[in-house]
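Undergrad: data-v8.json is the file, holding JSON, C-alpha atoms and all ligand atoms:
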```json
[["chain", "number", "residue", "atom", "x", "y", "z"],
["A", 1, "MET", "CA", 45.04, 83.11, -91.51],
["A", 2, "LEU", "CA", 45.56, 84.68, -88.11],
["A", 3, "ASP", "CA", 46.45, 82.52, -85.08],
["A", 4, "ASN", "CA", 43.18, 83.21, -83.29],
["A", 5, "GLN", "CA", 41.25, 82.35, -86.45],
["A", 6, "THR", "CA", 42.89, 78.92, -86.46],
["A", 7, "GLN", "CA", 41.68, 78.49, -82.87],
["A", 8, "ILE", "CA", 38.14, 79.59, -83.81],
["A", 9, "ILE", "CA", 38.07, 77.10, -86.69],
["A", 10, "LYS", "CA", 39.23, 74.26, -84.43],
["A", 11, "SER", "CA", 36.70, 75.16, -81.77],
["A", 12, "THR", "CA", 33.83, 75.08, -84.28],
["A", 13, "VAL", "CA", 34.51, 71.46, -85.33],
["A", 14, "PRO", "CA", 32.04, 69.98, -82.75],
["A", 15, "VAL", "CA", 29.33, 72.46, -83.78],
["A", 16, "LEU", "CA", 29.87, 71.64, -87.42],
["A", 17, "GLN", "CA", 29.74, 67.94, -86.67],
["A", 18, "LYS", "CA", 26.32, 68.51, -85.15],
["A", 19, "HIS", "CA", 25.05, 70.76, -87.94],
["A", 20, "GLY", "CA", 27.27, 69.69, -90.83],
["A", 21, "GLU", "CA", 24.61, 68.07, -92.97],
["A", 22, "GLU", "CA", 22.09, 70.80, -92.35],
["A", 23, "ILE", "CA", 24.65, 73.43, -93.34],
["A", 24, "THR", "CA", 25.45, 71.65, -96.60],
["A", 25, "ARG", "CA", 21.77, 71.03, -97.37],
["A", 26, "VAL", "CA", 20.93, 74.74, -96.89],
["A", 27, "PHE", "CA", 24.07, 75.64, -98.84],
["A", 28, "TYR", "CA", 23.08, 73.58, -101.89],
["A", 29, "GLN", "CA", 19.48, 74.82, -101.84],
["A", 30, "GLN", "CA", 20.46, 78.50, -101.61],
["A", 31, "MET", "CA", 23.35, 78.29, -104.09],
["A", 32, "LEU", "CA", 21.33, 76.45, -106.74],
["A", 33, "ALA", "CA", 18.39, 78.85, -106.27],
["A", 34, "ALA", "CA", 20.73, 81.85, -106.82],
["A", 35, "HIS", "CA", 22.75, 80.14, -109.59],
["A", 36, "PRO", "CA", 20.47, 77.79, -111.53],
["A", 37, "GLU", "CA", 23.19, 77.50, -114.21],
["A", 38, "LEU", "CA", 25.14, 75.32, -111.75],
["A", 39, "ARG", "CA", 22.31, 72.77, -111.45],
["A", 40, "THR", "CA", 23.44, 70.71, -114.41],
["A", 41, "MET", "CA", 26.89, 70.25, -112.84],
["A", 42, "PHE", "CA", 25.51, 68.49, -109.81],
["A", 43, "ASP", "CA", 24.24, 64.99, -110.41],
["A", 44, "PRO", "CA", 20.54, 64.97, -109.36],
["A", 45, "GLU", "CA", 20.78, 61.36, -108.17],
["A", 46, "ASN", "CA", 23.47, 62.30, -105.63],
["A", 47, "GLN", "CA", 21.39, 65.20, -104.34],
["A", 48, "LYS", "CA", 18.34, 63.05, -103.73],
["A", 49, "ASP", "CA", 20.09, 60.55, -101.48],
["A", 50, "GLY", "CA", 22.05, 63.26, -99.63],
["A", 51, "SER", "CA", 25.46, 61.76, -100.44],
["A", 52, "GLN", "CA", 26.75, 65.01, -101.94],
["A", 53, "ALA", "CA", 25.90, 66.92, -98.78],
["A", 54, "ARG", "CA", 27.59, 64.22, -96.68],
["A", 55, "ARG", "CA", 30.80, 64.30, -98.75],
["A", 56, "LEU", "CA", 31.03, 68.07, -98.71],
["A", 57, "ALA", "CA", 30.33, 68.13, -94.95],
["A", 58, "GLY", "CA", 33.01, 65.45, -94.52],
["A", 59, "ALA", "CA", 35.53, 67.49, -96.51],
["A", 60, "ILE", "CA", 34.84, 70.62, -94.49],
["A", 61, "LEU", "CA", 35.22, 68.79, -91.18],
["A", 62, "ALA", "CA", 38.45, 67.09, -92.30],
["A", 63, "TYR", "CA", 39.75, 70.49, -93.26],
["A", 64, "ALA", "CA", 38.74, 72.09, -89.96],
["A", 65, "ALA", "CA", 40.26, 69.24, -87.95],
["A", 66, "ASN", "CA", 43.59, 69.53, -89.83],
["A", 67, "ILE", "CA", 43.85, 73.29, -90.24],
["A", 68, "ASP", "CA", 47.20, 73.38, -88.43],
["A", 69, "ARG", "CA", 48.65, 70.41, -90.36],
["A", 70, "LEU", "CA", 47.39, 70.84, -93.88],
["A", 71, "VAL", "CA", 49.85, 68.31, -95.30],
["A", 72, "GLN", "CA", 47.46, 65.60, -94.07],
["A", 73, "LEU", "CA", 44.93, 66.89, -96.58],
["A", 74, "ASN", "CA", 47.06, 66.33, -99.68],
["A", 75, "ALA", "CA", 45.46, 63.01, -100.59],
["A", 76, "PRO", "CA", 41.80, 64.06, -100.18],
["A", 77, "ILE", "CA", 42.47, 67.39, -101.91],
["A", 78, "ASP", "CA", 44.04, 65.54, -104.81],
["A", 79, "LYS", "CA", 40.99, 63.28, -105.13],
["A", 80, "ILE", "CA", 38.54, 66.21, -105.04],
["A", 81, "ALA", "CA", 40.71, 68.15, -107.54],
["A", 82, "HIS", "CA", 40.55, 65.27, -110.03],
["A", 83, "LYS", "CA", 36.78, 65.07, -109.61],
["A", 84, "HIS", "CA", 36.45, 68.85, -110.07],
["A", 85, "VAL", "CA", 38.64, 68.94, -113.18],
["A", 86, "GLY", "CA", 36.57, 66.14, -114.71],
["A", 87, "LEU", "CA", 33.52, 68.35, -114.15],
["A", 88, "HIS", "CA", 35.26, 71.53, -115.41],
["A", 89, "VAL", "CA", 35.03, 73.39, -112.13],
["A", 90, "LEU", "CA", 36.56, 76.85, -112.70],
["A", 91, "PRO", "CA", 38.42, 79.26, -110.36],
["A", 92, "GLU", "CA", 35.72, 81.92, -110.73],
["A", 93, "GLN", "CA", 33.13, 79.50, -109.29],
["A", 94, "TYR", "CA", 34.93, 79.31, -105.93],
["A", 95, "PRO", "CA", 33.66, 82.68, -104.63],
["A", 96, "ILE", "CA", 30.07, 81.57, -105.40],
["A", 97, "VAL", "CA", 30.52, 78.41, -103.32],
["A", 98, "GLY", "CA", 32.25, 80.42, -100.57],
["A", 99, "GLU", "CA", 29.49, 83.02, -100.39],
["A", 100, "HIS", "CA", 26.75, 80.41, -100.05],
["A", 101, "LEU", "CA", 28.73, 78.22, -97.66],
["A", 102, "LEU", "CA", 29.21, 81.20, -95.36],
["A", 103, "GLY", "CA", 25.55, 82.14, -95.79],
["A", 104, "ALA", "CA", 24.48, 78.62, -94.80],
["A", 105, "ILE", "CA", 26.77, 78.59, -91.74],
["A", 106, "LYS", "CA", 25.18, 81.89, -90.75],
["A", 107, "THR", "CA", 21.61, 80.63, -91.25],
["A", 108, "VAL", "CA", 22.13, 77.38, -89.35],
["A", 109, "LEU", "CA", 24.24, 78.68, -86.44],
["A", 110, "GLY", "CA", 22.08, 81.76, -85.87],
["A", 111, "ASP", "CA", 23.48, 83.69, -82.89],
["A", 112, "GLY", "CA", 26.45, 81.30, -82.79],
["A", 113, "ALA", "CA", 27.65, 82.71, -86.11],
["A", 114, "THR", "CA", 29.40, 85.74, -84.61],
["A", 115, "PRO", "CA", 31.34, 88.10, -86.91],
["A", 116, "GLU", "CA", 34.55, 86.50, -85.59],
["A", 117, "VAL", "CA", 33.35, 83.00, -86.49],
["A", 118, "LEU", "CA", 32.24, 84.10, -89.96],
["A", 119, "ASP", "CA", 35.49, 86.00, -90.59],
["A", 120, "ALA", "CA", 37.53, 82.97, -89.52],
["A", 121, "TRP", "CA", 35.56, 80.67, -91.83],
["A", 122, "GLY", "CA", 35.80, 83.20, -94.67],
["A", 123, "ALA", "CA", 39.59, 83.26, -94.31],
["A", 124, "ALA", "CA", 39.74, 79.45, -93.98],
["A", 125, "TYR", "CA", 37.56, 78.92, -97.05],
["A", 126, "ASN", "CA", 39.70, 81.31, -99.11],
["A", 127, "GLN", "CA", 42.84, 79.45, -98.01],
["A", 128, "LEU", "CA", 41.38, 76.07, -99.01],
["A", 129, "ALA", "CA", 40.03, 77.52, -102.28],
["A", 130, "ASP", "CA", 43.51, 78.87, -103.15],
["A", 131, "ILE", "CA", 45.05, 75.43, -102.52],
["A", 132, "MET", "CA", 42.41, 73.66, -104.63],
["A", 133, "ILE", "CA", 42.54, 76.19, -107.47],
["A", 134, "ALA", "CA", 46.35, 75.82, -107.63],
["A", 135, "ARG", "CA", 46.10, 72.00, -107.65],
["A", 136, "GLU", "CA", 43.40, 72.07, -110.33],
["A", 137, "LYS", "CA", 45.44, 74.48, -112.46],
["A", 138, "ILE", "CA", 48.27, 71.94, -112.57],
["A", 139, "LEU", "CA", 45.82, 69.23, -113.68],
["A", 140, "TYR", "CA", 44.29, 71.50, -116.35],
["A", 141, "ASP", "CA", 47.78, 72.43, -117.61],
["A", 142, "GLU", "CA", 48.81, 68.76, -117.76],
["A", 143, "ALA", "CA", 45.65, 67.85, -119.68],
["A", 144, "HIS", "CA", 46.32, 70.69, -122.07],
["A", 145, "LEU", "CA", 49.90, 69.55, -122.70],
["A", 146, "THR", "CA", 48.75, 65.99, -123.35],
["A", 147, "ALA", "CA", 46.09, 67.17, -125.78],
["A", 148, "ALA", "CA", 48.64, 69.33, -127.67],
["A", 149, "ASP", "CA", 51.23, 66.55, -127.99],
["A", 201, "LIG", "C1", 36.92, 74.69, -101.23],
["A", 201, "LIG", "C2", 35.82, 74.45, -101.90],
["A", 201, "LIG", "C3", 35.29, 73.07, -102.25],
["A", 201, "LIG", "C4", 35.32, 71.89, -101.53],
["A", 201, "LIG", "C5", 35.90, 71.63, -100.14],
["A", 201, "LIG", "C6", 34.69, 70.88, -102.36],
["A", 201, "LIG", "C7", 34.54, 69.55, -102.00],
["A", 201, "LIG", "C8", 33.99, 68.57, -102.79],
["A", 201, "LIG", "C9", 33.91, 67.16, -102.45],
["A", 201, "LIG", "C10", 34.42, 66.53, -101.15],
["A", 201, "LIG", "C11", 33.32, 66.53, -103.47],
["A", 201, "LIG", "C12", 33.02, 65.02, -103.59],
["A", 201, "LIG", "C13", 34.18, 64.37, -104.31],
["A", 201, "LIG", "C14", 33.98, 62.90, -104.56],
["A", 201, "LIG", "O1", 32.88, 62.51, -104.97],
["A", 201, "LIG", "O2", 34.92, 62.15, -104.34],
["A", 201, "LIG", "C15", 33.01, 67.53, -104.48],
["A", 201, "LIG", "C16", 32.37, 67.27, -105.66],
["A", 201, "LIG", "C17", 31.89, 68.25, -106.49],
["A", 201, "LIG", "N1", 32.18, 69.60, -106.44],
["A", 201, "LIG", "FE1", 33.26, 70.50, -105.03],
["A", 201, "LIG", "N2", 34.27, 71.45, -103.53],
["A", 201, "LIG", "C18", 34.61, 72.79, -103.51],
["A", 201, "LIG", "C19", 34.39, 73.73, -104.49],
["A", 201, "LIG", "C20", 33.60, 73.51, -105.61],
["A", 201, "LIG", "C21", 33.27, 74.51, -106.60],
["A", 201, "LIG", "C22", 33.75, 75.96, -106.61],
["A", 201, "LIG", "C23", 32.44, 73.91, -107.50],
["A", 201, "LIG", "C24", 31.82, 74.56, -108.72],
["A", 201, "LIG", "C25", 30.62, 75.06, -108.71],
["A", 201, "LIG", "C26", 32.28, 72.53, -107.09],
["A", 201, "LIG", "C27", 31.54, 71.57, -107.76],
["A", 201, "LIG", "C28", 31.51, 70.23, -107.45],
["A", 201, "LIG", "C29", 30.74, 69.25, -108.21],
["A", 201, "LIG", "C30", 29.85, 69.55, -109.42],
["A", 201, "LIG", "C31", 30.98, 68.00, -107.61],
["A", 201, "LIG", "C32", 30.41, 66.66, -108.00],
["A", 201, "LIG", "C33", 29.07, 66.50, -107.34],
["A", 201, "LIG", "C34", 28.37, 65.24, -107.77],
["A", 201, "LIG", "O3", 28.78, 64.18, -107.35],
["A", 201, "LIG", "O4", 27.39, 65.38, -108.49],
["A", 201, "LIG", "N3", 33.00, 72.33, -105.94],
["A", 201, "LIG", "N4", 33.46, 68.76, -104.04]]
```
Now, as a test, write the supplied structure out as structure tokens.
Ligand code: HEM
TA:
Amino acid sequence: MLDNQTQIIKSTVPVLQKHGEEITRVFYQQMLAAHPELRTMFDPENQKDGSQARRLAGAILAYAANIDRLVQLNAPIDKIAHKHVGLHVLPEQYPIVGEHLLGAIKTVLGDGATPEVLDAWGAAYNQLADIMIAREKILYDEAHLTAAD
């Protein structure tokens, strides 16, 4: 990530706080319309009461607020990684989520979603995805070792 992208991410925290839930709602709708095979992964009960959208929005905001001190995110990332591994989330699914997250930010922010803002969020998402994929790989490897023992 470039220095000015870190600044852009930090400056978009208030906007995301205002639109966070709407962004995640649009994100889920558009992603599940484009990838119906992912529907079974997401618990329909959680989607109805909006708690999934709230948790994802919360995770994104926590990430944005701590972009320059990522060590603070170790505990939440670990918790999400365990949840993901239990659901068999795979590395190749991260670009799908990233594409639709960016698309939703674009839809909801309208003119506010300048190319600079979208580029910064694209870079930030890829950075977070790399961290989560690496953490989940360790958990998958550990599970594999245990099963083989
Ligand atoms: C950097 C990207 C991602 C972030 C920040 C993220 C964040 C989260 C968070 C905060 C939760 C809730 C955890 C909890 O309940 O404690 C969650 C759950 C979940 N995530 Fe992710 N996630 C990401 C990528 C993905 C990908 C690539 C997939 C695969 C399609 C995925 C599938 C799921 C599913 C199926 C759940 C459980 C939803 C439910 O409760 O029904 N996530 N994620």
Undergrad: Compare A:Asn74, A:Thr40, A:Thr6, A:Gln52 by their minimum atom-to-atom distance to Glu21 (chain A), counting only C-alpha atoms, and give me the closest one.
TA: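 Smallest distance to Glu21 (chain A) is found for A:Gln52.
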Undergrad: Give me, please, the distance in Å between CA of Leu90 (chain A) and atom C23 of ligand LIG 201 (chain A), quoted to one decimal.
TA: 7.3 Å
Undergrad: Name the residues, by chain letter and number, that sit within 9 Å of ligand LIG 201 (chain A) using only C-alpha atoms and all ligand atoms, and give them as JSON, numbers by chain.
TA: {"A": [38, 39, 40, 41, 42, 43, 44, 45, 46, 47, 51, 52, 53, 54, 55, 56, 57, 58, 59, 60, 63, 76, 77, 79, 80, 81, 82, 83, 84, 87, 88, 89, 90, 91, 92, 93, 94, 95, 96, 97, 98, 125, 126, 127, 128, 129, 130, 131, 132, 133]}
Undergrad: Hey, what's within 8 Å of Tyr28 (chain A) if we count all atoms listed in the file and toss same-chain stuff fewer than 4 positions away? As a list in words, please?
TA: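 The residues that qualify are Thr24, Leu32, Ala53 and His100 of chain A.
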Undergrad: Store the residues picked out above in a file with C-alpha atoms, as a PDB file, in the coordinates of the input.
TA:
```pdb
ATOM      1  CA  THR A  24      25.450  71.650 -96.600  1.00  0.00           C
ATOM      2  CA  LEU A  32      21.330  76.450-106.740  1.00  0.00           C
ATOM      3  CA  ALA A  53      25.900  66.920 -98.780  1.00  0.00           C
ATOM      4  CA  HIS A 100      26.750  80.410-100.050  1.00  0.00           C
TER       5      HIS A 100
END
```
Undergrad: I need the residue nearest Leu101 (chain A) from this list: A:Glu136, A:Glu142, A:Glu37, A:Glu22. Use all atoms listed in the file for the distance.
TA: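 Comparing A:Glu136, A:Glu142, A:Glu37, A:Glu22 against Leu101 (chain A), the winner is A:Glu22.
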Undergrad: Find the distance between CA of Ala33 (chain A) and CA of Ala104 (chain A) and write it in Å to one decimal.
TA: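 Those two atoms sit 13.0 Å apart.
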Undergrad: Which residue gives the smallest distance to Asp119 (chain A) among A:Glu99, A:Lys48, A:Val85, A:Thr107, with all atoms listed in the file counted?
TA: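 Ranking A:Glu99, A:Lys48, A:Val85, A:Thr107 by distance to Asp119 (chain A), first place goes to A:Glu99.
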Undergrad: Closest to Gly50 (chain A) among A:Arg25, A:Arg135, A:Lys106, A:Lys10, using all atoms listed in the file?
TA: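 Using all atoms listed in the file, Gly50 (chain A) sits closest to A:Arg25.
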Undergrad: Distance CA of Gln17 (chain A)-CA of Ile105 (chain A), one decimal place?
TA: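 One can read the CA of Gln17 (chain A) to CA of Ile105 (chain A) distance as 12.2 Å.
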